[in-house]
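Novice: Below is a structure I'd like to ask you about.
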Amino acid sequence: MKTVITARRLLTPLEEIQDALLVIEDGRVSEIGSRSQKEAPLHARVVDFGDSVLTPGFFDIHIHGGAGLDVMRASVAELPQLGTFLARHGVTAYFPTTVAAPLDATFKALGRLADSIEAAQSDVANGNSVDARPMGIHLEGPFLSHKRRGVHPPENLVAPTLKIFDELWQAARGHVRMMTIAPEIPGAMEVIPEAARRGVCVSIGHSDAEMTIAKSAVAAGARHATHTFNAMRPLDHRDPGIIGEVLSDDRITADLIADGIHVSPAVVKIFLQAKGSERAVLITDAISAAGMPDGRYQLGPIEVDVKDCKCTANGSLAGSVLTMHRAVRNVMQFSNWTLRDAVRAATLNPATAVSMTSTSGTLNPGAPADFVILTPNGEVLKTIVAGRGC
Ligand SMILES: [Zn+2]
């Protein structure tokens, strides 16, 4: 059975199609085009979304929780509730992200997250209805700098070794797709190329690296940077450090928390100009408090106080309550980026950074029918995963 979705505009996001028509068949996009050139297939069900804009579903590659659930602690049965919450904000794919915790707690969490990823895969294959899906795991820690650890507990930071990396990999049954690592800590330069060889997006961050070390990390296989500016050696015009490398090297993509709290709007604009619409990636770094009232919440082993959208632990910022949909709107507001560029930074760019463009980030024929329907002023009207529920 074919379903045809029509709307005012469609962003692939590389292309913009007016008076758009999108055909869904067996959970995938089979055709896209303009109604002026393409007719709806005979016998297809047609759903018209009027003035709306169709974009690929957002892909959040750095998220610790939401709707009261913490990914380090949630059971396999609970995690789909996080997917439901994320879908309400336009997200169709995400990487549950760890924090530095005792290693045995981390191994257990990785096992549960691997179960959740495999359960979501079989739900899609079996035609069960799904919301935003965990696609892979982002290891944020334990290989972080003591000096730039943020709120990650110092007693849980570990010096990188191939043995520990492999133990984490095995516990996650190969579902690790991204790893944040401080390249200057001893052992990092052995682990970076091995992780890259296994297809992990190696992201430099939580780091006090000088520019030369950051450059060596890129030469060793690092391809991305985690929450640029936050938990990084600050940029100085005579000592550019890791940020100098991140902003000036076109071989790497970089992400940012665009909530207006972690990075000032003016610096968000500088970041977007430096990385451009091809390499800038939006993340939320959201914690369990996202979508919940002010109060005290868990971030792995860390207790976090949330007040007026600000998450802190012992005076340091501890994740966010940002949603991807809000991040997209914020970059448009902070920098005058178009909706198309802002959407690209939440869809195609993260998918490219983690080498998953075949499953996420675009609305081209053959792609999974994972998309968002936005109102003309950018609010989420509906989120569709695997073509279901339209
Ligand atoms: Zn984080």
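As shown in the structure tokens, the chain order sets the letters A, B, ...; within each chain, residues go from 1, and ligands are also counted from 1 in the order they appear.
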Considering only C-alpha atoms, give me a table of residues in range 235-286 of chain A that are at most 12 Å from range 48-67 of chain A, with the closest atom pair and distance in Å for each, as CSV.
Specialist:
residue,atom,partner,partner_atom,distance
A:Ala254,CA,A:Ile61,CA,11.4
A:Asp255,CA,A:His62,CA,9.2
A:Leu256,CA,A:His62,CA,10.0
A:Ile257,CA,A:His62,CA,9.6
A:Val281,CA,A:Ile61,CA,9.1
A:Leu282,CA,A:Asp60,CA,7.5
A:Ile283,CA,A:Asp60,CA,5.5
A:Thr284,CA,A:Ile63,CA,6.2
A:Asp285,CA,A:Ile63,CA,4.6
A:Ala286,CA,A:Ile63,CA,5.1
Novice: Can you spit out the residues from that selection as a compact mmCIF listing (two decimals), in the first residue's frame, using N, CA, C and O atoms?
Specialist:
# COMPACT_ATOMS: atom_id res chain seq x y z
N ALA A 254 31.79 19.28 13.78
CA ALA A 254 31.79 19.63 15.20
C ALA A 254 30.36 19.91 15.65
O ALA A 254 29.53 20.39 14.87
N ASP A 255 30.09 19.59 16.92
CA ASP A 255 28.74 19.85 17.41
C ASP A 255 28.75 20.89 18.52
O ASP A 255 29.79 21.25 19.08
N LEU A 256 27.53 21.37 18.80
CA LEU A 256 27.35 22.50 19.70
C LEU A 256 26.00 22.38 20.39
O LEU A 256 25.03 21.88 19.80
N ILE A 257 25.95 22.84 21.64
CA ILE A 257 24.67 22.89 22.37
C ILE A 257 24.11 24.30 22.20
O ILE A 257 24.55 25.23 22.87
N VAL A 281 26.99 20.68 13.52
CA VAL A 281 26.04 19.66 13.99
C VAL A 281 25.39 20.17 15.28
O VAL A 281 26.09 20.67 16.17
N LEU A 282 24.08 20.03 15.36
CA LEU A 282 23.38 20.41 16.59
C LEU A 282 23.15 19.17 17.45
O LEU A 282 22.77 18.11 16.94
N ILE A 283 23.40 19.33 18.74
CA ILE A 283 23.10 18.27 19.71
C ILE A 283 22.30 18.91 20.84
O ILE A 283 22.28 20.14 20.97
N THR A 284 21.69 18.06 21.68
CA THR A 284 21.02 18.64 22.86
C THR A 284 21.83 18.44 24.13
O THR A 284 21.78 19.26 25.01
N ASP A 285 22.55 17.31 24.27
CA ASP A 285 23.18 16.94 25.55
C ASP A 285 22.12 16.94 26.66
O ASP A 285 22.41 17.23 27.82
N ALA A 286 20.89 16.61 26.28
CA ALA A 286 19.78 16.67 27.25
C ALA A 286 19.90 15.56 28.29
O ALA A 286 20.42 14.48 28.02
Novice: So that I can see what lies close to range 229-233 of chain A, please list as number ranges by chain the residues with an atom at most 6 Å from it, counting only C-alpha atoms and leaving out residues fewer than 6 positions away in the same chain.
Specialist: A: 148, 150, 206-208
Novice: Hey, which of A:Thr362, A:Asn336, A:Thr323, A:Thr357 ends up closest to Phe85 in chain A? Count only C-alpha atoms.
Specialist: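 Using only C-alpha atoms, the shortest distance to Phe85 in chain A belongs to A:Thr323.
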Novice: Please list as JSON, numbers by chain every residue within 8 Å of Ala188 in chain A, counting only C-alpha atoms and excluding residues in the same chain fewer than 3 positions away.
Specialist: {"A": [143, 159, 160, 161, 181, 182, 183, 184, 185, 191, 192]}
Novice: I need the residue nearest Ala196 in chain A from this list: A:Ala222, A:Val304, A:Ala290, A:Leu10. Use only C-alpha atoms for the distance.
Specialist: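 Result for the nearest residue to Ala196 in chain A: A:Ala222.
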Novice: Using only C-alpha atoms and all ligand atoms, pick whichever of A:Thr92, A:Ser288, A:Gln333, A:Thr97 has the shortest atom-to-atom distance to ligand 1.
Specialist: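 For ligand 1, the nearest of the candidates is A:Thr97.
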Novice: From range 212-327 of chain A, collect each residue whose DSSP state is alpha helix (DSSP H) and return the set as a ChimeraX atom specification.
Specialist: /A:212-220,241-248,265-279,324-327
Novice: Pick from A:Pro102, A:Gly90, A:Gly141, A:Pro186: nearest to ligand 1, with only C-alpha atoms and all ligand atoms counted?
Specialist: A:Gly141
